[in-house]
>>> print(open('model_39.cif').read())   # mmCIF, C-alpha atoms and all ligand atoms
data_entry
#
loop_
_atom_site.label_atom_id
_atom_site.label_comp_id
_atom_site.auth_asym_id
_atom_site.auth_seq_id
_atom_site.Cartn_x
_atom_site.Cartn_y
_atom_site.Cartn_z
CA PRO A 169 -20.54 18.24 -16.89
CA ALA A 170 -16.80 17.83 -16.31
CA ALA A 171 -14.40 17.50 -19.23
CA HIS A 172 -13.26 14.17 -17.82
CA THR A 173 -15.04 11.95 -15.29
CA PHE A 174 -13.06 9.20 -13.59
CA THR A 175 -15.11 6.26 -12.30
CA ILE A 176 -13.93 4.90 -8.96
CA ALA A 177 -15.12 1.81 -7.08
CA ALA A 178 -14.89 2.45 -3.33
CA VAL A 179 -14.43 -0.64 -1.17
CA PRO A 180 -14.09 0.67 2.41
CA ALA A 181 -14.53 -2.83 3.95
CA ASP A 182 -13.84 -3.02 7.70
CA GLY A 183 -12.95 -1.03 10.82
CA VAL A 184 -11.02 2.19 10.18
CA GLY A 185 -11.17 1.32 6.46
CA THR A 186 -14.59 2.96 6.31
CA GLU A 187 -13.35 6.07 8.17
CA VAL A 188 -10.27 6.65 6.03
CA VAL A 189 -12.04 5.99 2.71
CA THR A 190 -14.62 8.63 3.65
CA ALA A 191 -11.68 10.96 4.37
CA GLY A 192 -10.02 10.33 1.02
CA ARG A 193 -13.25 10.76 -0.90
CA ALA A 194 -13.85 14.13 0.76
CA VAL A 195 -10.39 15.35 -0.31
CA LEU A 196 -10.79 14.18 -3.91
CA ASP A 197 -14.30 15.66 -4.17
CA ALA A 198 -12.99 18.99 -2.88
CA LEU A 199 -10.25 18.88 -5.50
CA ALA A 200 -12.75 18.13 -8.27
CA ALA A 201 -15.09 20.90 -7.11
CA ALA A 202 -12.18 23.34 -7.32
CA SER A 203 -11.09 22.16 -10.78
CA GLY A 204 -13.61 24.37 -12.55
CA GLY A 205 -15.09 21.42 -14.41
CA ALA A 206 -11.75 20.08 -15.65
CA PHE A 207 -12.40 16.72 -14.00
CA ALA A 208 -14.86 14.91 -11.74
CA PHE A 209 -15.04 11.64 -9.81
CA ASP A 210 -17.99 9.29 -10.08
CA TRP A 211 -18.04 7.01 -7.02
CA THR A 212 -19.73 3.64 -6.59
CA GLU A 213 -19.49 2.07 -3.15
CA PHE A 214 -19.43 -1.69 -2.56
CA PRO A 215 -20.53 -3.05 0.85
CA TRP A 216 -18.10 -5.98 0.94
CA GLY A 217 -16.04 -7.05 3.95
CA CYS A 218 -16.46 -8.98 7.19
CA GLY A 219 -19.95 -7.60 7.96
CA TYR A 220 -21.05 -8.73 4.51
CA TYR A 221 -19.51 -12.15 5.21
CA GLU A 222 -21.50 -12.50 8.42
CA ARG A 223 -24.73 -11.75 6.52
CA THR A 224 -24.08 -13.71 3.31
CA GLY A 225 -21.21 -16.16 3.87
CA ARG A 226 -19.18 -14.37 1.20
CA MET A 227 -16.54 -11.65 1.49
CA MET A 228 -17.65 -10.22 -1.88
CA ASP A 229 -20.26 -11.09 -4.50
CA ASP A 230 -19.46 -14.05 -6.73
CA ASP A 231 -19.60 -11.75 -9.75
CA GLY A 232 -17.84 -8.96 -7.82
CA LEU A 233 -14.76 -8.97 -10.03
CA ASP A 234 -17.00 -8.42 -13.08
CA ALA A 235 -18.64 -5.52 -11.27
CA LEU A 236 -15.22 -3.93 -10.59
CA LYS A 237 -13.64 -4.59 -13.97
CA GLY A 238 -14.97 -1.52 -15.77
CA PHE A 239 -13.87 1.11 -13.23
CA ASP A 240 -10.93 3.43 -13.79
CA ALA A 241 -9.62 2.54 -10.31
CA ILE A 242 -10.50 0.89 -7.02
CA TYR A 243 -10.15 2.83 -3.76
CA PHE A 244 -9.79 0.34 -0.92
CA GLY A 245 -9.93 0.76 2.87
CA ALA A 246 -8.81 -2.24 4.90
CA VAL A 247 -10.17 -5.73 5.37
CA GLY A 248 -10.29 -7.84 8.53
CA TRP A 249 -12.29 -8.09 11.74
CA PRO A 250 -11.95 -10.35 14.77
CA SER A 251 -15.23 -12.13 13.86
CA VAL A 252 -13.73 -13.69 10.70
CA PRO A 253 -10.41 -15.58 10.44
CA ASP A 254 -7.84 -13.29 8.80
CA HIS A 255 -6.83 -15.74 6.07
CA ILE A 256 -10.48 -15.95 4.96
CA SER A 257 -11.08 -12.20 4.93
CA LEU A 258 -7.78 -11.33 3.24
CA TRP A 259 -7.97 -14.02 0.55
CA GLY A 260 -11.71 -13.50 0.03
CA LEU A 261 -11.44 -9.83 -0.87
CA ARG A 262 -8.12 -8.00 -1.08
CA LEU A 263 -5.89 -10.76 -2.41
CA ARG A 264 -8.70 -11.92 -4.72
CA ILE A 265 -8.80 -8.48 -6.33
CA CYS A 266 -5.00 -8.07 -6.49
CA GLN A 267 -4.41 -11.48 -8.03
CA ASN A 268 -7.28 -11.58 -10.51
CA PHE A 269 -6.59 -8.07 -11.76
CA ASP A 270 -2.88 -8.87 -12.07
CA GLN A 271 -1.89 -5.90 -9.93
CA TRP A 272 1.67 -7.17 -9.90
CA ALA A 273 3.48 -4.06 -8.71
CA ASN A 274 2.75 -2.64 -5.27
CA VAL A 275 4.29 0.81 -4.77
CA ARG A 276 4.72 1.91 -1.14
CA PRO A 277 6.41 5.25 -0.54
CA VAL A 278 8.11 5.76 2.84
CA HIS A 279 7.60 9.44 3.40
CA PHE A 280 8.64 11.58 6.38
CA HIS A 281 6.30 14.50 7.14
CA PRO A 282 7.26 17.80 8.76
CA GLY A 283 5.87 18.18 12.29
CA ILE A 284 5.74 14.42 12.95
CA THR A 285 8.41 13.13 15.30
CA SER A 286 10.21 10.15 13.89
CA PRO A 287 11.79 7.62 16.27
CA LEU A 288 14.74 7.99 13.90
CA ARG A 289 16.71 10.99 15.19
CA LYS A 290 18.38 11.38 11.81
CA ALA A 291 15.05 12.41 10.29
CA ASP A 292 15.37 15.79 11.99
CA ASP A 293 18.25 16.95 9.81
CA THR A 294 18.47 14.52 6.89
CA PRO A 295 15.89 14.45 4.10
CA LEU A 296 14.56 10.89 4.01
CA ASP A 297 12.28 9.57 1.29
CA TRP A 298 12.27 6.17 -0.32
CA VAL A 299 9.85 3.79 -2.04
CA VAL A 300 9.29 0.11 -1.40
CA VAL A 301 8.30 -1.78 -4.56
CA ARG A 302 6.62 -5.02 -3.67
CA GLU A 303 6.27 -7.94 -6.08
CA ASN A 304 2.53 -8.38 -5.71
CA SER A 305 1.55 -11.45 -7.72
CA GLU A 306 3.66 -14.41 -6.63
CA GLY A 307 6.48 -15.10 -4.17
CA GLU A 308 5.45 -16.22 -0.70
CA TYR A 309 1.79 -15.17 -1.24
CA ALA A 310 1.19 -17.36 -4.29
CA GLY A 311 -1.22 -19.45 -2.22
CA LEU A 312 0.59 -22.66 -3.13
CA GLY A 313 0.78 -25.56 -0.74
CA GLY A 314 -1.49 -27.74 1.28
CA ARG A 315 -2.26 -29.20 4.66
CA ASN A 316 -2.48 -32.70 6.03
CA LEU A 317 -0.05 -33.97 3.44
CA SER A 318 1.18 -36.82 5.55
CA GLY A 319 -2.34 -38.14 6.10
CA ARG A 320 -1.16 -39.12 9.56
CA GLY A 321 -3.94 -37.32 11.43
CA PRO A 322 -4.11 -35.08 14.49
CA GLY A 323 -0.85 -34.25 16.16
CA ASN A 324 1.14 -35.18 13.06
CA GLU A 325 -0.09 -32.68 10.56
CA VAL A 326 2.29 -31.43 7.90
CA ALA A 327 1.74 -28.21 5.93
CA LEU A 328 3.62 -26.77 2.97
CA GLN A 329 3.53 -23.09 2.05
CA THR A 330 5.52 -22.74 -1.11
CA ALA A 331 6.96 -19.57 -2.60
CA LEU A 332 6.69 -19.21 -6.36
CA PHE A 333 9.27 -17.29 -8.40
CA THR A 334 9.02 -17.08 -12.17
CA GLU A 335 11.64 -15.48 -14.40
CA LYS A 336 8.90 -13.37 -16.05
CA GLY A 337 7.58 -12.25 -12.64
CA CYS A 338 11.08 -11.32 -11.42
CA GLU A 339 11.91 -9.54 -14.66
CA ARG A 340 8.82 -7.34 -14.81
CA ILE A 341 9.12 -6.15 -11.21
CA ALA A 342 12.86 -5.51 -11.69
CA ARG A 343 12.19 -3.39 -14.80
CA PHE A 344 9.42 -1.57 -12.96
CA ALA A 345 11.82 -0.71 -10.12
CA PHE A 346 14.53 0.54 -12.49
CA GLU A 347 12.05 2.69 -14.43
CA LEU A 348 10.81 4.18 -11.16
CA ALA A 349 14.40 4.86 -10.01
CA ARG A 350 15.14 6.66 -13.29
CA GLY A 351 12.43 9.19 -12.50
CA ARG A 352 13.78 9.95 -9.02
CA GLU A 353 16.48 12.33 -7.87
CA ARG A 354 18.56 9.48 -6.46
CA LYS A 355 18.84 6.89 -9.22
CA LYS A 356 19.37 3.74 -7.22
CA VAL A 357 17.71 0.33 -6.85
CA SER A 358 18.29 -1.81 -3.75
CA SER A 359 17.20 -5.38 -4.35
CA VAL A 360 16.27 -7.44 -1.30
CA THR A 361 16.34 -11.24 -1.03
CA LYS A 362 17.43 -14.02 1.28
CA SER A 363 19.24 -15.88 -1.44
CA ASN A 364 21.94 -17.21 0.86
CA ALA A 365 19.36 -19.38 2.62
CA GLN A 366 16.72 -19.75 -0.13
CA GLN A 367 18.80 -21.04 -2.98
CA TYR A 368 16.20 -21.57 -5.74
CA GLY A 369 13.63 -18.83 -6.09
CA MET A 370 15.66 -16.02 -4.62
CA VAL A 371 18.76 -16.88 -6.64
CA LEU A 372 16.57 -16.70 -9.76
CA TRP A 373 15.45 -13.25 -8.52
CA ASP A 374 19.08 -12.12 -7.99
CA GLU A 375 20.22 -13.37 -11.41
CA THR A 376 17.26 -11.82 -13.22
CA LEU A 377 17.77 -8.50 -11.47
CA SER A 378 21.47 -8.41 -12.43
CA ARG A 379 20.54 -9.10 -16.04
CA VAL A 380 17.91 -6.32 -16.10
CA ALA A 381 20.36 -3.94 -14.37
CA ARG A 382 22.61 -4.04 -17.46
CA ASP A 383 19.87 -2.18 -19.37
CA TYR A 384 20.03 0.64 -16.80
CA PRO A 385 23.68 1.71 -16.58
CA ASP A 386 22.53 5.13 -15.31
CA VAL A 387 20.95 3.53 -12.21
CA GLU A 388 23.07 2.38 -9.28
CA THR A 389 22.28 -1.14 -8.03
CA GLU A 390 22.86 -3.03 -4.81
CA SER A 391 21.75 -6.41 -3.54
CA VAL A 392 21.08 -6.68 0.20
CA LEU A 393 19.82 -9.58 2.33
CA VAL A 394 16.50 -8.88 4.03
CA ASP A 395 17.82 -9.02 7.58
CA ALA A 396 20.60 -6.58 6.71
CA MET A 397 18.06 -4.38 4.91
CA SER A 398 15.88 -4.13 8.01
CA ALA A 399 18.94 -2.87 9.89
CA LYS A 400 19.74 -0.49 7.05
CA PHE A 401 16.24 1.03 7.20
CA VAL A 402 17.13 2.14 10.72
CA LEU A 403 20.86 2.85 10.45
CA ARG A 404 21.45 4.18 6.91
CA PRO A 405 18.05 5.21 5.48
CA GLU A 406 19.61 8.15 3.62
CA ASP A 407 21.19 5.53 1.34
CA LEU A 408 17.81 4.30 0.02
CA SER A 409 15.76 5.35 -3.00
CA VAL A 410 13.89 2.40 -4.56
CA VAL A 411 13.81 -0.84 -2.55
CA VAL A 412 12.45 -3.79 -4.53
CA ALA A 413 11.55 -7.01 -2.74
CA SER A 414 9.34 -10.09 -2.81
CA ASN A 415 5.74 -10.09 -1.63
CA LEU A 416 6.47 -11.09 1.99
CA HIS A 417 9.72 -9.19 2.48
CA ALA A 418 8.32 -5.95 1.06
CA ASP A 419 5.17 -6.32 3.16
CA ILE A 420 7.27 -6.42 6.33
CA LEU A 421 9.77 -3.76 5.25
CA SER A 422 7.05 -1.25 4.32
CA ASP A 423 5.47 -1.50 7.79
CA LEU A 424 8.93 -0.90 9.27
CA GLY A 425 9.36 2.11 6.99
CA SER A 426 6.06 3.69 7.95
CA ALA A 427 6.75 3.10 11.65
CA LEU A 428 10.09 4.89 11.24
CA ALA A 429 8.25 7.80 9.62
CA GLY A 430 6.05 7.92 12.76
CA SER A 431 3.01 5.69 12.25
CA LEU A 432 1.46 2.93 10.20
CA GLY A 433 -1.38 5.37 9.59
CA LEU A 434 0.84 7.52 7.32
CA ALA A 435 1.74 4.95 4.69
CA ALA A 436 0.15 5.01 1.23
CA SER A 437 0.16 2.31 -1.42
CA ALA A 438 -0.78 1.62 -5.03
CA ASN A 439 -1.46 -1.90 -6.36
CA LEU A 440 -0.77 -1.39 -10.05
CA ASN A 441 -1.64 -3.34 -13.15
CA PRO A 442 0.95 -1.43 -15.22
CA GLU A 443 -0.45 -2.71 -18.55
CA ARG A 444 -3.83 -1.16 -17.58
CA ARG A 445 -5.79 -4.20 -18.71
CA PHE A 446 -7.51 -4.14 -15.31
CA PRO A 447 -8.23 -1.40 -12.77
CA SER A 448 -5.45 -0.69 -10.30
CA MET A 449 -6.20 -0.44 -6.58
CA PHE A 450 -5.17 2.27 -4.12
CA GLU A 451 -5.22 1.69 -0.35
CA PRO A 452 -3.43 2.65 2.85
CA VAL A 453 -0.83 0.13 4.01
CA HIS A 454 -2.47 -0.33 7.43
CA GLY A 455 -5.21 -2.80 8.35
CA SER A 456 -8.65 -2.29 9.89
CA ALA A 457 -7.25 -1.31 13.34
CA PRO A 458 -10.06 -2.83 15.46
CA ASP A 459 -8.44 -1.31 18.58
CA ILE A 460 -9.29 2.24 17.49
CA ALA A 461 -12.11 1.72 14.95
CA GLY A 462 -15.31 3.78 15.08
CA ARG A 463 -13.97 6.52 17.35
CA GLY A 464 -12.68 9.12 14.89
CA LEU A 465 -9.08 8.36 15.88
CA ALA A 466 -7.84 6.93 12.58
CA ASN A 467 -5.06 8.83 10.86
CA PRO A 468 -6.39 9.49 7.32
CA ILE A 469 -3.01 10.48 5.80
CA GLY A 470 -2.18 6.99 4.50
CA ALA A 471 -5.54 6.82 2.71
CA ILE A 472 -5.29 10.40 1.40
CA GLY A 473 -1.73 9.77 0.22
CA SER A 474 -3.10 6.70 -1.59
CA ALA A 475 -5.68 8.94 -3.26
CA ALA A 476 -2.75 11.10 -4.46
CA LEU A 477 -1.16 7.98 -5.99
CA MET A 478 -4.51 7.37 -7.74
CA LEU A 479 -4.37 10.92 -9.15
CA ASP A 480 -0.87 10.16 -10.51
CA HIS A 481 -2.33 7.05 -12.14
CA PHE A 482 -5.07 9.18 -13.77
CA GLY A 483 -2.40 11.51 -15.19
CA LEU A 484 -3.35 14.29 -12.74
CA SER A 485 0.20 14.76 -11.41
CA ALA A 486 -0.17 18.44 -10.59
CA GLU A 487 -3.26 17.67 -8.50
CA ALA A 488 -1.44 14.80 -6.77
CA GLY A 489 1.29 17.28 -5.88
CA ARG A 490 -1.30 19.68 -4.48
CA VAL A 491 -2.72 16.96 -2.23
CA ARG A 492 0.78 16.04 -0.97
CA ALA A 493 1.56 19.69 -0.29
CA ALA A 494 -1.72 20.06 1.63
CA ILE A 495 -0.81 16.99 3.74
CA GLU A 496 2.62 18.48 4.48
CA ALA A 497 1.13 21.85 5.43
CA THR A 498 -1.31 20.09 7.77
CA THR A 499 1.34 18.02 9.57
CA ALA A 500 3.69 21.02 9.75
CA ALA A 501 0.88 23.03 11.39
CA GLY A 502 0.57 20.33 14.06
CA VAL A 503 -2.90 19.08 13.10
CA LEU A 504 -2.15 15.48 14.11
CA THR A 505 -4.11 12.41 15.21
CA PRO A 506 -3.11 10.62 18.47
CA ASP A 507 -0.96 7.96 16.74
CA VAL A 508 1.50 10.73 15.81
CA GLY A 509 1.25 12.56 19.11
CA GLY A 510 -1.63 14.97 18.49
CA LYS A 511 -5.18 15.42 19.69
CA ALA A 512 -6.94 16.00 16.37
CA LYS A 513 -9.74 13.76 15.13
CA THR A 514 -9.81 12.15 11.69
CA GLY A 515 -12.28 14.83 10.56
CA ASP A 516 -10.04 17.68 11.79
CA VAL A 517 -7.14 16.43 9.68
CA VAL A 518 -9.40 16.05 6.63
CA ALA A 519 -10.82 19.56 7.12
CA SER A 520 -7.32 21.02 7.41
CA ILE A 521 -6.11 19.23 4.27
CA ILE A 522 -9.15 20.43 2.29
CA ASP A 523 -8.59 23.91 3.65
CA GLN A 524 -4.92 23.86 2.56
CA LEU A 525 -5.98 22.74 -0.94
CA SER A 526 -7.79 25.98 -1.53
CA SER A 527 -5.11 28.25 -0.01
P1 LIG B 601 -3.44 -2.75 11.73
O1 LIG B 601 -2.67 -2.06 10.67
O2 LIG B 601 -4.90 -2.76 11.58
O3 LIG B 601 -3.07 -2.11 13.15
C1 LIG B 601 -1.75 -2.11 13.71
C2 LIG B 601 -1.60 -0.95 14.68
O4 LIG B 601 -1.53 0.29 13.94
C3 LIG B 601 -2.78 -0.80 15.63
O5 LIG B 601 -2.31 -0.40 16.88
C4 LIG B 601 -3.63 0.31 15.00
O6 LIG B 601 -4.37 1.04 15.94
C5 LIG B 601 -2.57 1.18 14.33
N1 LIG B 601 -3.13 1.83 13.14
C6 LIG B 601 -3.43 1.22 11.95
N2 LIG B 601 -3.98 2.09 11.11
C7 LIG B 601 -4.03 3.28 11.75
C8 LIG B 601 -4.50 4.57 11.39
N3 LIG B 601 -5.04 4.84 10.19
N4 LIG B 601 -4.40 5.56 12.31
C9 LIG B 601 -3.87 5.34 13.52
N5 LIG B 601 -3.41 4.14 13.91
C10 LIG B 601 -3.49 3.11 13.04
O7 LIG B 601 -2.86 -4.26 11.79
P2 LIG B 601 -3.38 -5.51 12.65
O8 LIG B 601 -3.84 -5.06 13.99
O9 LIG B 601 -2.30 -6.48 12.53
O10 LIG B 601 -4.60 -6.09 11.85
C11 LIG B 601 -5.97 -5.77 12.08
C12 LIG B 601 -6.80 -6.40 10.98
O11 LIG B 601 -6.48 -5.77 9.73
C13 LIG B 601 -6.56 -7.90 10.78
O12 LIG B 601 -7.82 -8.49 10.51
C14 LIG B 601 -5.68 -7.98 9.56
O13 LIG B 601 -5.82 -9.17 8.82
C15 LIG B 601 -6.17 -6.79 8.76
N6 LIG B 601 -5.18 -6.24 7.81
C16 LIG B 601 -5.67 -5.85 6.59
C17 LIG B 601 -4.84 -5.25 5.68
C18 LIG B 601 -5.44 -4.77 4.39
O14 LIG B 601 -6.63 -4.79 4.20
N7 LIG B 601 -4.63 -4.31 3.47
C19 LIG B 601 -3.40 -5.04 5.96
C20 LIG B 601 -3.01 -5.43 7.30
C21 LIG B 601 -3.88 -6.03 8.17
MG MG B 602 1.06 -5.43 5.49
#
>>> encode(input="model_39.cif", output="structure tokens")
Amino acid sequence: PAAHTFTIAAVPADGVGTEVVTAGRAVLDALAAASGGAFAFDWTEFPWGCGYYERTGRMMDDDGLDALKGFDAIYFGAVGWPSVPDHISLWGLRLRICQNFDQWANVRPVHFHPGITSPLRKADDTPLDWVVVRENSEGEYAGLGGRNLSGRGPGNEVALQTALFTEKGCERIARFAFELARGRERKKVSSVTKSNAQQYGMVLWDETLSRVARDYPDVETESVLVDAMSAKFVLRPEDLSVVVASNLHADILSDLGSALAGSLGLAASANLNPERRFPSMFEPVHGSAPDIAGRGLANPIGAIGSAALMLDHFGLSAEAGRVRAAIEATTAAGVLTPDVGGKAKTGDVVASIIDQLSS
């Protein structure tokens, strides 16, 4: 038996989620097999998602959170299918896990790979690499509000969708961003809000961030409005290192970042419960991609990069580095799925990455 066995709950869910989770598992199992018994992964797969909803009326079991609680980590695919309204599938599974396990920090690296053409010409001769840190427990996705508040009936409905900002929530994500920046070559935090227009919650965010910044005199700080930041992603990306933003803003900015790097299929993410009271969850940024699902076309790099973030979380940093190097070697060799201009299938990319691991 291995010296250390990590237990992982796999939740592939829907569409390409099942394809990319299979890909990530294959890479991690290859790594464990090559570790000479130093570590192993013990997988348990859960069948939840939209298919499960169609059969049972539930996105996950009622006691599903209890079933997940004891695992070292959760490896998630993507949830959503045209047969189920998106707000039901997302809230019923992914957001339910994130919120109940207090996975309040969502780390989303924007990484540019060799051999993948970026729409950003600068990427050819400038090293670009930044991380989006998303506040993952409150903000615009707090689920606060209601419908039919006026009681005036059809044609006159009123709905409120309220953003929640707490000083504690702002403070912990700010500290998280500064700690992350300290460990990077470029020690800089860019904070994103829209505090000129949203004068309550986002001003609290700005003020809290400035206060926390005083504890990190070695880290450069800037505060940028979200519209200006979206322009900056395109025009001055070399100026970015850690970008910290609210739930909604960071969700949008991280899709923009991965598109600049070449495809949504490349982007990895970690939903962390930094106190480790609950399991953290690792998943690609993309959704279930119904337009390409089931045809072996899914780019597995986002999911495999997420598995590398899981290795970091387990304290296996050297192994995480090996997986990232194997991804780089694969893209540099031109083994690419169609979304990044190649002809390779999901399985070809996985085979190449596993091959690079052992070379
Ligand atoms: P999506 O991310 O599934 O797809 C957007 C575009 O990117 C599509 O053209 C798709 O083909 C492409 N794409 C995505 N992943 C890819 C991959 N691995 N390789 C190659 N191309 C890839 O977003 P969309 O279409 O808005 O949503 C589809 C469903 O996914 C919806 O039900 C939505 O609610 C759900 N969703 C779930 C998320 C999650 O579970 N974390 C996140 C985003 C969306
Ligand atoms: Mg998103």
>>> residues_near_ligand(input="model_39.cif", ligand="ligand LIG 601 (chain B)", cutoff="9 Å", atoms="all atoms listed in the file", output="ChimeraX atom specification")
/A:181-185,187-188,244-255,257-258,261-263,423,431-435,451-461,465-471,505-508,514
>>> write_last_selection(input="model_39.cif", atoms="C-alpha atoms", output="short mmCIF file (atom, residue, chain, number, x, y, z; two decimals), keeping the file's coordinate frame")
data_model
loop_
_atom_site.label_atom_id
_atom_site.label_comp_id
_atom_site.auth_asym_id
_atom_site.auth_seq_id
_atom_site.Cartn_x
_atom_site.Cartn_y
_atom_site.Cartn_z
CA ALA A 181 -14.53 -2.83 3.95
CA ASP A 182 -13.84 -3.02 7.70
CA GLY A 183 -12.95 -1.03 10.82
CA VAL A 184 -11.02 2.19 10.18
CA GLY A 185 -11.17 1.32 6.46
CA GLU A 187 -13.35 6.07 8.17
CA VAL A 188 -10.27 6.65 6.03
CA PHE A 244 -9.79 0.34 -0.92
CA GLY A 245 -9.93 0.76 2.87
CA ALA A 246 -8.81 -2.24 4.90
CA VAL A 247 -10.17 -5.73 5.37
CA GLY A 248 -10.29 -7.84 8.53
CA TRP A 249 -12.29 -8.09 11.74
CA PRO A 250 -11.95 -10.35 14.77
CA SER A 251 -15.23 -12.13 13.86
CA VAL A 252 -13.73 -13.69 10.70
CA PRO A 253 -10.41 -15.58 10.44
CA ASP A 254 -7.84 -13.29 8.80
CA HIS A 255 -6.83 -15.74 6.07
CA SER A 257 -11.08 -12.20 4.93
CA LEU A 258 -7.78 -11.33 3.24
CA LEU A 261 -11.44 -9.83 -0.87
CA ARG A 262 -8.12 -8.00 -1.08
CA LEU A 263 -5.89 -10.76 -2.41
CA ASP A 423 5.47 -1.50 7.79
CA SER A 431 3.01 5.69 12.25
CA LEU A 432 1.46 2.93 10.20
CA GLY A 433 -1.38 5.37 9.59
CA LEU A 434 0.84 7.52 7.32
CA ALA A 435 1.74 4.95 4.69
CA GLU A 451 -5.22 1.69 -0.35
CA PRO A 452 -3.43 2.65 2.85
CA VAL A 453 -0.83 0.13 4.01
CA HIS A 454 -2.47 -0.33 7.43
CA GLY A 455 -5.21 -2.80 8.35
CA SER A 456 -8.65 -2.29 9.89
CA ALA A 457 -7.25 -1.31 13.34
CA PRO A 458 -10.06 -2.83 15.46
CA ASP A 459 -8.44 -1.31 18.58
CA ILE A 460 -9.29 2.24 17.49
CA ALA A 461 -12.11 1.72 14.95
CA LEU A 465 -9.08 8.36 15.88
CA ALA A 466 -7.84 6.93 12.58
CA ASN A 467 -5.06 8.83 10.86
CA PRO A 468 -6.39 9.49 7.32
CA ILE A 469 -3.01 10.48 5.80
CA GLY A 470 -2.18 6.99 4.50
CA ALA A 471 -5.54 6.82 2.71
CA THR A 505 -4.11 12.41 15.21
CA PRO A 506 -3.11 10.62 18.47
CA ASP A 507 -0.96 7.96 16.74
CA VAL A 508 1.50 10.73 15.81
CA THR A 514 -9.81 12.15 11.69
#
>>> closest_residue(input="model_39.cif", among="A:Ile522, A:Asp293, A:Arg382, A:Asn274", to="ligand MG 602 (chain B)", atoms="all atoms listed in the file")
A:Asn274
>>> residues_around(input="model_39.cif", residues="Trp272 (chain A)", least_positions_apart="4", cutoff="8 Å", atoms="all atoms listed in the file", output="list in words")
Cys266, Gln267, Glu303, Asn304, Ser305, Ile341, Asn439, Leu440, Asn441 and Pro442 of chain A
>>> write_last_selection(input="model_39.cif", atoms="C-alpha atoms", output="PDB file, in the frame of the given file")
ATOM      1  CA  CYS A 266      -5.000  -8.070  -6.490  1.00  0.00           C
ATOM      2  CA  GLN A 267      -4.410 -11.480  -8.030  1.00  0.00           C
ATOM      3  CA  GLU A 303       6.270  -7.940  -6.080  1.00  0.00           C
ATOM      4  CA  ASN A 304       2.530  -8.380  -5.710  1.00  0.00           C
ATOM      5  CA  SER A 305       1.550 -11.450  -7.720  1.00  0.00           C
ATOM      6  CA  ILE A 341       9.120  -6.150 -11.210  1.00  0.00           C
ATOM      7  CA  ASN A 439      -1.460  -1.900  -6.360  1.00  0.00           C
ATOM      8  CA  LEU A 440      -0.770  -1.390 -10.050  1.00  0.00           C
ATOM      9  CA  ASN A 441      -1.640  -3.340 -13.150  1.00  0.00           C
ATOM     10  CA  PRO A 442       0.950  -1.430 -15.220  1.00  0.00           C
TER      11      PRO A 442
END
>>> residues_around(input="model_39.cif", residues="Glu406 (chain A)", least_positions_apart="3", cutoff="8 Å", atoms="only C-alpha atoms", output="list of chain:residue names")
A:Thr294, A:Pro295, A:Leu296, A:Asp297
>>> residues_around(input="model_39.cif", residues="region 191-195 of chain A", least_positions_apart="5", cutoff="9 Å", atoms="only C-alpha atoms", output="ChimeraX atom specification")
/A:178,186,200,211,243,468-469,471-475,491,514-515,517-519,521-522,525
>>> write_last_selection(input="model_39.cif", atoms="C-alpha atoms", output="PDB file, in the frame of the given file")
ATOM      1  CA  ALA A 178     -14.890   2.450  -3.330  1.00  0.00           C
ATOM      2  CA  THR A 186     -14.590   2.960   6.310  1.00  0.00           C
ATOM      3  CA  ALA A 200     -12.750  18.130  -8.270  1.00  0.00           C
ATOM      4  CA  TRP A 211     -18.040   7.010  -7.020  1.00  0.00           C
ATOM      5  CA  TYR A 243     -10.150   2.830  -3.760  1.00  0.00           C
ATOM      6  CA  PRO A 468      -6.390   9.490   7.320  1.00  0.00           C
ATOM      7  CA  ILE A 469      -3.010  10.480   5.800  1.00  0.00           C
ATOM      8  CA  ALA A 471      -5.540   6.820   2.710  1.00  0.00           C
ATOM      9  CA  ILE A 472      -5.290  10.400   1.400  1.00  0.00           C
ATOM     10  CA  GLY A 473      -1.730   9.770   0.220  1.00  0.00           C
ATOM     11  CA  SER A 474      -3.100   6.700  -1.590  1.00  0.00           C
ATOM     12  CA  ALA A 475      -5.680   8.940  -3.260  1.00  0.00           C
ATOM     13  CA  VAL A 491      -2.720  16.960  -2.230  1.00  0.00           C
ATOM     14  CA  THR A 514      -9.810  12.150  11.690  1.00  0.00           C
ATOM     15  CA  GLY A 515     -12.280  14.830  10.560  1.00  0.00           C
ATOM     16  CA  VAL A 517      -7.140  16.430   9.680  1.00  0.00           C
ATOM     17  CA  VAL A 518      -9.400  16.050   6.630  1.00  0.00           C
ATOM     18  CA  ALA A 519     -10.820  19.560   7.120  1.00  0.00           C
ATOM     19  CA  ILE A 521      -6.110  19.230   4.270  1.00  0.00           C
ATOM     20  CA  ILE A 522      -9.150  20.430   2.290  1.00  0.00           C
ATOM     21  CA  LEU A 525      -5.980  22.740  -0.940  1.00  0.00           C
TER      22      LEU A 525
END
